[in-house]
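Novice: This is protein15.txt, which holds compact mmCIF, C-alpha atoms and all ligand atoms:
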# COMPACT_ATOMS: atom_id res chain seq x y z
CA MET A 1 -20.39 -1.92 -7.44
CA ASN A 2 -19.87 -0.45 -10.92
CA LEU A 3 -17.06 -1.29 -13.29
CA ILE A 4 -13.79 -0.08 -11.75
CA GLU A 5 -11.38 1.86 -13.94
CA ILE A 6 -7.69 1.73 -13.02
CA ARG A 7 -5.68 4.69 -14.32
CA LEU A 8 -2.80 7.07 -13.66
CA LEU A 9 -3.83 10.03 -11.48
CA ASN A 10 -2.39 13.50 -11.90
CA PRO A 11 -1.11 15.26 -8.75
CA ASP A 12 -4.23 17.46 -8.55
CA GLU A 13 -6.43 14.38 -8.30
CA LEU A 14 -4.72 13.30 -5.07
CA GLU A 15 -7.38 15.23 -3.15
CA LYS A 16 -9.83 12.48 -4.13
CA ILE A 17 -8.05 10.40 -1.48
CA TYR A 18 -10.39 12.07 1.05
CA GLN A 19 -13.17 9.95 -0.50
CA ILE A 20 -11.52 6.76 0.72
CA ASP A 21 -12.79 5.25 3.97
CA ARG A 22 -9.66 3.66 5.42
CA SER A 23 -11.42 2.15 8.46
CA GLU A 24 -10.56 -1.39 9.45
CA GLU A 25 -10.91 -3.97 12.21
CA ILE A 26 -7.52 -5.32 13.18
CA GLU A 27 -7.14 -8.72 14.84
CA HIS A 28 -3.40 -9.28 14.76
CA ARG A 29 -0.23 -7.22 14.80
CA TYR A 30 2.86 -8.61 13.13
CA ARG A 31 6.48 -8.38 14.16
CA TYR A 32 9.60 -9.56 12.38
CA ILE A 33 11.81 -11.09 15.04
CA ASP A 34 15.05 -13.02 14.42
CA GLY A 35 14.17 -13.71 10.80
CA GLU A 36 10.61 -14.83 11.55
CA LEU A 37 7.31 -13.11 10.90
CA LYS A 38 5.14 -13.55 13.98
CA ALA A 39 1.45 -12.67 14.50
CA PHE A 40 0.26 -11.51 17.91
CA ASP A 41 -3.40 -11.35 18.97
CA GLU A 42 -4.04 -7.64 19.28
CA SER A 43 -7.38 -6.27 18.22
CA ALA A 44 -8.00 -2.65 17.36
CA SER A 45 -10.47 -0.57 15.39
CA VAL A 46 -9.29 2.07 12.96
CA PRO A 47 -12.34 4.37 12.69
CA HIS A 48 -13.49 6.21 9.57
CA ASP A 49 -11.81 9.61 9.82
CA PRO A 50 -11.24 11.79 6.73
CA ASN A 51 -8.66 13.77 8.75
CA TYR A 52 -6.47 10.64 8.61
CA TRP A 53 -5.30 11.81 5.18
CA ASP A 54 -4.09 15.19 6.49
CA THR A 55 -1.00 13.46 7.92
CA TYR A 56 0.13 12.26 4.50
CA TYR A 57 -1.44 14.57 1.93
CA GLU A 58 1.33 17.18 1.57
CA THR A 59 4.14 14.59 1.57
CA TRP A 60 2.45 12.53 -1.12
CA LYS A 61 1.53 15.60 -3.17
CA GLU A 62 5.17 16.71 -3.14
CA ALA A 63 6.27 13.20 -4.06
CA LEU A 64 3.88 13.19 -7.04
CA GLU A 65 5.17 16.57 -8.15
CA SER A 66 8.74 15.22 -7.99
CA GLY A 67 8.27 12.08 -10.07
CA ALA A 68 6.28 9.60 -7.98
CA GLU A 69 3.31 7.96 -9.73
CA ALA A 70 -0.19 7.32 -8.44
CA PHE A 71 -2.69 4.89 -9.92
CA GLY A 72 -6.30 5.18 -8.86
CA ALA A 73 -9.22 2.78 -8.94
CA LEU A 74 -12.28 4.78 -9.94
CA ASP A 75 -15.83 3.67 -9.36
CA GLY A 76 -17.43 6.42 -11.46
CA GLU A 77 -16.30 9.67 -9.82
CA GLN A 78 -15.49 7.88 -6.56
CA LEU A 79 -11.87 6.98 -5.81
CA SER A 80 -12.08 3.50 -4.31
CA GLY A 81 -8.37 2.72 -4.13
CA ILE A 82 -4.92 4.19 -4.70
CA VAL A 83 -1.31 3.07 -4.99
CA ILE A 84 1.63 5.50 -4.97
CA LEU A 85 5.04 4.48 -6.26
CA ASN A 86 8.33 6.29 -5.63
CA PRO A 87 10.56 5.26 -8.54
CA ILE A 88 13.88 5.95 -6.82
CA LEU A 89 14.38 4.73 -3.27
CA GLU A 90 17.83 3.28 -4.03
CA PRO A 91 19.40 2.55 -7.42
CA GLY A 92 17.23 -0.19 -8.97
CA THR A 93 14.77 -0.14 -6.06
CA GLU A 94 11.33 1.47 -6.13
CA GLN A 95 9.13 2.02 -3.09
CA LEU A 96 5.39 1.61 -2.64
CA LEU A 97 4.57 4.74 -0.64
CA ALA A 98 0.88 3.98 -0.18
CA LEU A 99 -1.75 1.39 -0.98
CA TYR A 100 -5.31 1.85 0.22
CA VAL A 101 -8.67 0.46 -0.80
CA ASP A 102 -11.95 1.89 0.48
CA SER A 103 -13.45 -0.35 3.17
CA ASN A 104 -16.63 -0.95 1.12
CA HIS A 105 -14.61 -2.12 -1.87
CA ARG A 106 -12.20 -4.59 -0.24
CA MET A 107 -11.56 -8.25 -1.06
CA SER A 108 -12.58 -7.89 -4.68
CA GLY A 109 -9.12 -7.67 -6.24
CA ILE A 110 -8.78 -3.86 -6.43
CA ALA A 111 -5.49 -3.72 -4.51
CA LYS A 112 -4.13 -6.49 -6.68
CA SER A 113 -5.08 -4.63 -9.89
CA LEU A 114 -3.51 -1.41 -8.55
CA TYR A 115 -0.41 -3.25 -7.43
CA MET A 116 0.01 -4.91 -10.86
CA LYS A 117 0.01 -1.45 -12.50
CA ALA A 118 2.74 -0.32 -10.11
CA GLU A 119 4.77 -3.48 -10.64
CA ASP A 120 4.49 -3.14 -14.43
CA ALA A 121 5.61 0.51 -14.20
CA ALA A 122 8.66 -0.47 -12.12
CA LYS A 123 9.50 -3.31 -14.52
CA SER A 124 9.22 -0.96 -17.51
CA ARG A 125 12.01 1.10 -15.91
CA LYS A 126 14.07 -2.09 -15.50
CA SER A 127 14.00 -1.72 -11.70
CA LYS A 128 15.01 -4.88 -9.89
CA THR A 129 13.31 -4.57 -6.50
CA LEU A 130 10.15 -3.23 -4.92
CA TYR A 131 10.25 -2.11 -1.28
CA VAL A 132 7.38 -1.46 1.11
CA CYS A 133 7.03 -0.46 4.76
CA ALA A 134 3.93 -2.56 5.41
CA THR A 135 1.54 -1.58 8.18
CA PRO A 136 1.89 -4.54 10.61
CA THR A 137 -1.76 -5.65 10.30
CA ASP A 138 -3.61 -8.60 8.75
CA SER A 139 -4.81 -6.96 5.55
CA SER A 140 -1.55 -5.24 4.73
CA VAL A 141 0.95 -8.00 5.59
CA ASN A 142 -1.16 -10.75 4.02
CA PHE A 143 -1.75 -8.70 0.90
CA TYR A 144 1.98 -8.21 0.33
CA LEU A 145 2.75 -11.86 1.12
CA SER A 146 0.10 -12.86 -1.44
CA GLN A 147 1.91 -10.75 -4.06
CA GLY A 148 5.29 -12.40 -3.42
CA PHE A 149 6.86 -9.92 -0.99
CA GLU A 150 9.03 -11.20 1.84
CA PRO A 151 10.20 -9.47 5.01
CA THR A 152 13.75 -8.23 4.56
CA ALA A 153 16.55 -8.74 7.06
CA THR A 154 18.37 -5.73 5.57
CA PRO A 155 15.88 -2.86 5.68
CA ASN A 156 16.64 0.59 4.27
CA ALA A 157 18.26 2.36 7.24
CA GLY A 158 16.43 5.68 6.83
CA LEU A 159 13.03 4.05 6.43
CA PHE A 160 13.61 1.66 9.30
CA GLU A 161 14.47 4.57 11.57
CA LYS A 162 11.22 6.34 10.56
CA HIS A 163 8.98 3.27 10.65
CA PRO A 164 10.45 0.73 13.11
CA GLU A 165 7.05 -0.90 13.77
CA ASP A 166 6.31 -1.61 10.12
CA ILE A 167 7.22 -4.86 8.39
CA HIS A 168 9.86 -3.94 5.83
CA MET A 169 9.28 -6.15 2.82
CA THR A 170 10.82 -6.55 -0.63
CA LYS A 171 10.02 -8.31 -3.85
CA ASN A 172 12.52 -9.10 -6.61
CA LEU A 173 11.13 -8.21 -10.02
C1 LIG A 201 -4.42 -4.04 2.19
C2 LIG A 201 -5.56 -3.60 1.27
C3 LIG A 201 -5.03 -2.49 0.35
C4 LIG A 201 -6.02 -4.81 0.42
O1 LIG A 201 -7.01 -4.35 -0.49
P1 LIG A 201 -8.06 -5.35 -1.22
O2 LIG A 201 -8.54 -4.67 -2.45
O3 LIG A 201 -9.08 -5.78 -0.24
O4 LIG A 201 -7.13 -6.59 -1.61
P2 LIG A 201 -7.42 -7.67 -2.78
O5 LIG A 201 -8.89 -7.92 -2.86
O6 LIG A 201 -6.74 -7.22 -4.04
O7 LIG A 201 -6.70 -8.93 -2.15
C5 LIG A 201 -5.62 -9.63 -2.77
C6 LIG A 201 -5.11 -10.66 -1.79
O8 LIG A 201 -4.63 -10.03 -0.58
C7 LIG A 201 -4.90 -10.85 0.56
N1 LIG A 201 -5.70 -10.08 1.53
C8 LIG A 201 -6.30 -8.88 1.32
N2 LIG A 201 -6.92 -8.47 2.45
C9 LIG A 201 -6.72 -9.42 3.39
C10 LIG A 201 -7.11 -9.58 4.75
N3 LIG A 201 -7.87 -8.66 5.38
N4 LIG A 201 -6.70 -10.67 5.42
C11 LIG A 201 -5.98 -11.63 4.80
N5 LIG A 201 -5.57 -11.54 3.50
C12 LIG A 201 -5.94 -10.46 2.81
C13 LIG A 201 -5.62 -12.07 0.06
O9 LIG A 201 -4.64 -13.08 -0.14
C14 LIG A 201 -6.16 -11.65 -1.30
O10 LIG A 201 -6.20 -12.70 -2.18
P3 LIG A 201 -7.59 -13.48 -2.47
O11 LIG A 201 -8.49 -12.45 -3.07
O12 LIG A 201 -7.14 -14.52 -3.42
O13 LIG A 201 -8.04 -13.97 -1.15
C15 LIG A 201 -6.80 -3.08 2.08
O14 LIG A 201 -7.21 -4.09 2.99
C16 LIG A 201 -6.54 -1.80 2.85
O15 LIG A 201 -6.71 -0.70 2.32
N6 LIG A 201 -6.14 -1.93 4.14
C17 LIG A 201 -5.96 -0.77 5.02
C18 LIG A 201 -4.80 0.08 4.60
C19 LIG A 201 -3.46 -0.64 4.63
O16 LIG A 201 -3.08 -1.26 5.60
N7 LIG A 201 -2.75 -0.50 3.50
C20 LIG A 201 -1.41 -0.99 3.37
C21 LIG A 201 -0.48 0.08 3.85
S1 LIG A 201 1.18 -0.45 3.64
Could you write out this file's structure as structure tokens?

Specialist:
Amino acid sequence: MNLIEIRLLNPDELEKIYQIDRSEEIEHRYRYIDGELKAFDESASVPHDPNYWDTYYETWKEALESGAEAFGALDGEQLSGIVILNPILEPGTEQLLALYVDSNHRMSGIAKSLYMKAEDAAKSRKSKTLYVCATPTDSSVNFYLSQGFEPTATPNAGLFEKHPEDIHMTKNL
């Protein structure tokens, strides 16, 4: 792997997201029940499928054109990871809209470097809280726990309605 550059992406560069292989082997699914995060044995394979991004592309592009920020991890011309931050979910609360690292680049600290950029950006705006709807899988939930997020008992109502299966997590900045 070459040296990875972490930098702000402009909205037109979002199409590089199609370079990211999001595939993953899942061993557990998580649920937040009665104030407790529980892991259930449930294996699944998410295959490599560039069409995966079609579901999100337009929504994220619009978000970027309306003030959201994306940081990319670039391995030369190759986008190996991305984080997207919506700076206004609620007053003082920013939302991580997306965090993905290419499957061949995982477990080398790229998500952490991307996340730190997003956290610094939120802090520079004096925001108090970060919010994420975490995919209820090992990599996602454990990543956010490792960065100090906790499941919230008071999720954002609109987001909870849209993503009831996700683990809604927050971190105080
Ligand atoms: C979640 C994801 C972004 C992590 O990317 P990454 O670059 O591999 O993460 P990092 O190397 O920065 O890991 C930082 C910490 O997260 C935790 N972590 C990351 N992946 C993990 C996994 N599969 N299982 C357990 N813990 C994990 C570890 O504590 C790790 O710390 P360590 O390096 O000291 O062990 C990546 O696995 C991914 O793209 N997953 C699929 C997409 C997804 O679910 N994204 C989240 C949507 S909300």

Novice: Give me, please, the distance in Å between atom CA of A:Glu27 and atom N6 of ligand LIG 201 (chain A), quoted to one decimal.

Specialist: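 Value for the atom CA of A:Glu27-atom N6 of ligand LIG 201 (chain A) distance: 12.7 Å.
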
Novice: Find the distance between atom CA of A:Gly72 and atom CA of A:Arg7 and write it in Å to one decimal.

Specialist: 5.5 Å

Novice: Could you list, as a short mmCIF file (atom, residue, chain, number, x, y, z; two decimals) with C-alpha atoms, keeping the file's coordinate frame, all protein and nucleic acid residues with an atom at most 7 Å from ligand LIG 201 (chain A), counting only C-alpha atoms and all ligand atoms?

Specialist:
data_model
loop_
_atom_site.label_atom_id
_atom_site.label_comp_id
_atom_site.auth_asym_id
_atom_site.auth_seq_id
_atom_site.Cartn_x
_atom_site.Cartn_y
_atom_site.Cartn_z
CA ARG A 22 -9.66 3.66 5.42
CA GLU A 24 -10.56 -1.39 9.45
CA ALA A 98 0.88 3.98 -0.18
CA LEU A 99 -1.75 1.39 -0.98
CA TYR A 100 -5.31 1.85 0.22
CA VAL A 101 -8.67 0.46 -0.80
CA ASP A 102 -11.95 1.89 0.48
CA SER A 103 -13.45 -0.35 3.17
CA HIS A 105 -14.61 -2.12 -1.87
CA ARG A 106 -12.20 -4.59 -0.24
CA MET A 107 -11.56 -8.25 -1.06
CA SER A 108 -12.58 -7.89 -4.68
CA GLY A 109 -9.12 -7.67 -6.24
CA ILE A 110 -8.78 -3.86 -6.43
CA ALA A 111 -5.49 -3.72 -4.51
CA LYS A 112 -4.13 -6.49 -6.68
CA SER A 113 -5.08 -4.63 -9.89
CA VAL A 132 7.38 -1.46 1.11
CA CYS A 133 7.03 -0.46 4.76
CA ALA A 134 3.93 -2.56 5.41
CA THR A 135 1.54 -1.58 8.18
CA THR A 137 -1.76 -5.65 10.30
CA ASP A 138 -3.61 -8.60 8.75
CA SER A 139 -4.81 -6.96 5.55
CA SER A 140 -1.55 -5.24 4.73
CA ASN A 142 -1.16 -10.75 4.02
CA PHE A 143 -1.75 -8.70 0.90
CA TYR A 144 1.98 -8.21 0.33
CA SER A 146 0.10 -12.86 -1.44
#

Novice: Report, in Å to a single decimal, how far apart atom CA of A:Thr129 and atom CA of A:Thr93 are.

Specialist: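 Atom CA of A:Thr93 sits 4.7 Å away from atom CA of A:Thr129.
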
Novice: Is there a way to get, as an mmCIF file with C-alpha atoms, in the coordinates of the input, all residues within 8 Å of the point (8.5, -6.5, -1.8) in file coordinates, counting only C-alpha atoms?

Specialist:
data_model
loop_
_atom_site.group_PDB
_atom_site.id
_atom_site.type_symbol
_atom_site.label_atom_id
_atom_site.label_comp_id
_atom_site.auth_asym_id
_atom_site.auth_seq_id
_atom_site.Cartn_x
_atom_site.Cartn_y
_atom_site.Cartn_z
ATOM 1 C CA THR A 129 13.310 -4.570 -6.500
ATOM 2 C CA LEU A 130 10.150 -3.230 -4.920
ATOM 3 C CA TYR A 131 10.250 -2.110 -1.280
ATOM 4 C CA VAL A 132 7.380 -1.460 1.110
ATOM 5 C CA TYR A 144 1.980 -8.210 0.330
ATOM 6 C CA GLY A 148 5.290 -12.400 -3.420
ATOM 7 C CA PHE A 149 6.860 -9.920 -0.990
ATOM 8 C CA GLU A 150 9.030 -11.200 1.840
ATOM 9 C CA PRO A 151 10.200 -9.470 5.010
ATOM 10 C CA MET A 169 9.280 -6.150 2.820
ATOM 11 C CA THR A 170 10.820 -6.550 -0.630
ATOM 12 C CA LYS A 171 10.020 -8.310 -3.850
ATOM 13 C CA ASN A 172 12.520 -9.100 -6.610
#

Novice: So which residues touch stretch 32-36 of chain A within 9 Å, counting only C-alpha atoms, skipping near sequence neighbours fewer than 2 positions away, as a ChimeraX atom specification?

Specialist: /A:30,38-39,151-153,166-168

Novice: Under the rule that only C-alpha atoms are counted, which of A:Glu42, A:Glu13, A:Glu161, A:Glu94 is the nearest residue to A:Leu64?

Specialist: A:Glu13

Novice: Ranking A:Asn156, A:Asn104, A:Gln19, A:Gln95 by minimum distance to A:Lys128 and counting all atoms listed in the file, which one comes first?

Specialist: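 Using all atoms listed in the file, the shortest distance to A:Lys128 belongs to A:Gln95.
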
Novice: Nearest to A:Ser45 among A:Lys123, A:Lys16, A:His28, A:Lys117, with distances taken over all atoms listed in the file: which residue is it?

Specialist: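 Closest to A:Ser45 of all the choices is A:His28.
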
Novice: Considering all atoms listed in the file, can you say which of A:Ile20, A:Ala44, A:Leu96, A:Ala68 comes closest to A:Ser80?

Specialist: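 Closest to A:Ser80 of all the choices is A:Ile20.
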
Novice: Could you pull the residues within 8 Å of A:Leu114, counting all atoms listed in the file, minus those fewer than 5 positions along the same chain, as a ChimeraX atom specification?

Specialist: /A:6,71-73,81-83

Novice: Please determine, counting all atoms listed in the file, which residue among A:Pro136, A:Pro91, A:Pro11, A:Pro164 has the shortest atom-to-atom distance to A:Arg31.

Specialist: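 Selected residue with least distance to A:Arg31: A:Pro136.
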
Novice: Using only C-alpha atoms, determine which residues lie at most 7 Å from A:Asp75, disregarding the query and same-chain residues fewer than 3 positions distant; provide the list as a ChimeraX atom specification.

Specialist: /A:2-5,78-80

Novice: My structure is short of atoms at stretch 20-55 of chain A; please model N, CA and C atoms there, returning them as a PDB file, in the frame of the given file.

Specialist:
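Result file is out.pdb:
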ATOM      1  N   ILE A  20     -11.754   8.151   0.309  1.00  0.00           N
ATOM      2  CA  ILE A  20     -11.520   6.760   0.720  1.00  0.00           C
ATOM      3  C   ILE A  20     -11.743   6.588   2.218  1.00  0.00           C
ATOM      4  N   ASP A  21     -12.563   5.612   2.557  1.00  0.00           N
ATOM      5  CA  ASP A  21     -12.790   5.250   3.970  1.00  0.00           C
ATOM      6  C   ASP A  21     -11.749   4.176   4.313  1.00  0.00           C
ATOM      7  N   ARG A  22     -10.769   4.556   5.136  1.00  0.00           N
ATOM      8  CA  ARG A  22      -9.660   3.660   5.420  1.00  0.00           C
ATOM      9  C   ARG A  22      -9.940   2.753   6.628  1.00  0.00           C
ATOM     10  N   SER A  23     -11.144   2.842   7.199  1.00  0.00           N
ATOM     11  CA  SER A  23     -11.420   2.150   8.460  1.00  0.00           C
ATOM     12  C   SER A  23     -11.212   0.649   8.335  1.00  0.00           C
ATOM     13  N   GLU A  24     -10.906   0.035   9.480  1.00  0.00           N
ATOM     14  CA  GLU A  24     -10.560  -1.390   9.450  1.00  0.00           C
ATOM     15  C   GLU A  24     -10.612  -1.960  10.848  1.00  0.00           C
ATOM     16  N   GLU A  25     -10.992  -3.237  10.933  1.00  0.00           N
ATOM     17  CA  GLU A  25     -10.910  -3.970  12.210  1.00  0.00           C
ATOM     18  C   GLU A  25      -9.640  -4.797  12.170  1.00  0.00           C
ATOM     19  N   ILE A  26      -8.792  -4.593  13.156  1.00  0.00           N
ATOM     20  CA  ILE A  26      -7.520  -5.320  13.180  1.00  0.00           C
ATOM     21  C   ILE A  26      -7.590  -6.424  14.231  1.00  0.00           C
ATOM     22  N   GLU A  27      -7.130  -7.615  13.867  1.00  0.00           N
ATOM     23  CA  GLU A  27      -7.140  -8.720  14.840  1.00  0.00           C
ATOM     24  C   GLU A  27      -5.740  -9.090  15.306  1.00  0.00           C
ATOM     25  N   HIS A  28      -4.780  -8.924  14.403  1.00  0.00           N
ATOM     26  CA  HIS A  28      -3.400  -9.280  14.760  1.00  0.00           C
ATOM     27  C   HIS A  28      -2.448  -8.146  14.397  1.00  0.00           C
ATOM     28  N   ARG A  29      -1.369  -8.084  15.161  1.00  0.00           N
ATOM     29  CA  ARG A  29      -0.230  -7.220  14.800  1.00  0.00           C
ATOM     30  C   ARG A  29       0.919  -8.146  14.497  1.00  0.00           C
ATOM     31  N   TYR A  30       1.730  -7.765  13.529  1.00  0.00           N
ATOM     32  CA  TYR A  30       2.860  -8.610  13.130  1.00  0.00           C
ATOM     33  C   TYR A  30       4.161  -7.962  13.567  1.00  0.00           C
ATOM     34  N   ARG A  31       5.113  -8.847  13.905  1.00  0.00           N
ATOM     35  CA  ARG A  31       6.480  -8.380  14.160  1.00  0.00           C
ATOM     36  C   ARG A  31       7.437  -9.318  13.452  1.00  0.00           C
ATOM     37  N   TYR A  32       8.571  -8.754  13.041  1.00  0.00           N
ATOM     38  CA  TYR A  32       9.600  -9.560  12.380  1.00  0.00           C
ATOM     39  C   TYR A  32      10.746  -9.696  13.374  1.00  0.00           C
ATOM     40  N   ILE A  33      10.848 -10.898  13.954  1.00  0.00           N
ATOM     41  CA  ILE A  33      11.810 -11.090  15.040  1.00  0.00           C
ATOM     42  C   ILE A  33      12.732 -12.252  14.678  1.00  0.00           C
ATOM     43  N   ASP A  34      14.045 -11.995  14.720  1.00  0.00           N
ATOM     44  CA  ASP A  34      15.050 -13.020  14.420  1.00  0.00           C
ATOM     45  C   ASP A  34      14.729 -13.798  13.142  1.00  0.00           C
ATOM     46  N   GLY A  35      14.396 -13.067  12.099  1.00  0.00           N
ATOM     47  CA  GLY A  35      14.170 -13.710  10.800  1.00  0.00           C
ATOM     48  C   GLY A  35      12.825 -14.384  10.670  1.00  0.00           C
ATOM     49  N   GLU A  36      11.927 -14.185  11.637  1.00  0.00           N
ATOM     50  CA  GLU A  36      10.610 -14.830  11.550  1.00  0.00           C
ATOM     51  C   GLU A  36       9.486 -13.811  11.690  1.00  0.00           C
ATOM     52  N   LEU A  37       8.485 -13.968  10.822  1.00  0.00           N
ATOM     53  CA  LEU A  37       7.310 -13.110  10.900  1.00  0.00           C
ATOM     54  C   LEU A  37       6.337 -13.726  11.892  1.00  0.00           C
ATOM     55  N   LYS A  38       6.010 -12.989  12.947  1.00  0.00           N
ATOM     56  CA  LYS A  38       5.140 -13.550  13.980  1.00  0.00           C
ATOM     57  C   LYS A  38       3.884 -12.692  14.129  1.00  0.00           C
ATOM     58  N   ALA A  39       2.734 -13.369  14.295  1.00  0.00           N
ATOM     59  CA  ALA A  39       1.450 -12.670  14.500  1.00  0.00           C
ATOM     60  C   ALA A  39       1.097 -12.714  15.971  1.00  0.00           C
ATOM     61  N   PHE A  40       0.663 -11.587  16.504  1.00  0.00           N
ATOM     62  CA  PHE A  40       0.260 -11.510  17.910  1.00  0.00           C
ATOM     63  C   PHE A  40      -1.206 -11.086  17.964  1.00  0.00           C
ATOM     64  N   ASP A  41      -1.997 -11.746  18.814  1.00  0.00           N
ATOM     65  CA  ASP A  41      -3.400 -11.350  18.970  1.00  0.00           C
ATOM     66  C   ASP A  41      -3.419  -9.944  19.539  1.00  0.00           C
ATOM     67  N   GLU A  42      -3.986  -9.030  18.806  1.00  0.00           N
ATOM     68  CA  GLU A  42      -4.040  -7.640  19.280  1.00  0.00           C
ATOM     69  C   GLU A  42      -5.128  -6.969  18.466  1.00  0.00           C
ATOM     70  N   SER A  43      -6.317  -6.848  19.041  1.00  0.00           N
ATOM     71  CA  SER A  43      -7.380  -6.270  18.220  1.00  0.00           C
ATOM     72  C   SER A  43      -7.462  -4.762  18.415  1.00  0.00           C
ATOM     73  N   ALA A  44      -7.853  -4.117  17.343  1.00  0.00           N
ATOM     74  CA  ALA A  44      -8.000  -2.650  17.360  1.00  0.00           C
ATOM     75  C   ALA A  44      -8.937  -2.251  16.239  1.00  0.00           C
ATOM     76  N   SER A  45      -9.610  -1.117  16.440  1.00  0.00           N
ATOM     77  CA  SER A  45     -10.470  -0.570  15.390  1.00  0.00           C
ATOM     78  C   SER A  45      -9.835   0.704  14.871  1.00  0.00           C
ATOM     79  N   VAL A  46      -9.685   0.787  13.554  1.00  0.00           N
ATOM     80  CA  VAL A  46      -9.290   2.070  12.960  1.00  0.00           C
ATOM     81  C   VAL A  46     -10.593   2.688  12.465  1.00  0.00           C
ATOM     82  N   PRO A  47     -11.042   3.801  13.078  1.00  0.00           N
ATOM     83  CA  PRO A  47     -12.340   4.370  12.690  1.00  0.00           C
ATOM     84  C   PRO A  47     -12.263   5.122  11.356  1.00  0.00           C
ATOM     85  N   HIS A  48     -13.432   5.370  10.770  1.00  0.00           N
ATOM     86  CA  HIS A  48     -13.490   6.210   9.570  1.00  0.00           C
ATOM     87  C   HIS A  48     -13.207   7.650   9.994  1.00  0.00           C
ATOM     88  N   ASP A  49     -12.180   8.253   9.426  1.00  0.00           N
ATOM     89  CA  ASP A  49     -11.810   9.610   9.820  1.00  0.00           C
ATOM     90  C   ASP A  49     -11.117  10.295   8.632  1.00  0.00           C
ATOM     91  N   PRO A  50     -11.851  11.134   7.893  1.00  0.00           N
ATOM     92  CA  PRO A  50     -11.240  11.790   6.730  1.00  0.00           C
ATOM     93  C   PRO A  50      -9.972  12.563   7.088  1.00  0.00           C
ATOM     94  N   ASN A  51      -9.868  13.025   8.352  1.00  0.00           N
ATOM     95  CA  ASN A  51      -8.660  13.770   8.750  1.00  0.00           C
ATOM     96  C   ASN A  51      -7.412  12.896   8.734  1.00  0.00           C
ATOM     97  N   TYR A  52      -7.603  11.566   8.696  1.00  0.00           N
ATOM     98  CA  TYR A  52      -6.470  10.640   8.610  1.00  0.00           C
ATOM     99  C   TYR A  52      -5.527  11.059   7.478  1.00  0.00           C
ATOM    100  N   TRP A  53      -6.125  11.511   6.361  1.00  0.00           N
ATOM    101  CA  TRP A  53      -5.300  11.810   5.180  1.00  0.00           C
ATOM    102  C   TRP A  53      -4.465  13.060   5.350  1.00  0.00           C
ATOM    103  N   ASP A  54      -4.852  13.942   6.301  1.00  0.00           N
ATOM    104  CA  ASP A  54      -4.090  15.190   6.490  1.00  0.00           C
ATOM    105  C   ASP A  54      -2.615  14.899   6.791  1.00  0.00           C
ATOM    106  N   THR A  55      -2.371  13.811   7.519  1.00  0.00           N
ATOM    107  CA  THR A  55      -1.000  13.460   7.920  1.00  0.00           C
ATOM    108  C   THR A  55      -0.096  13.214   6.709  1.00  0.00           C
TER     109      THR A  55
END
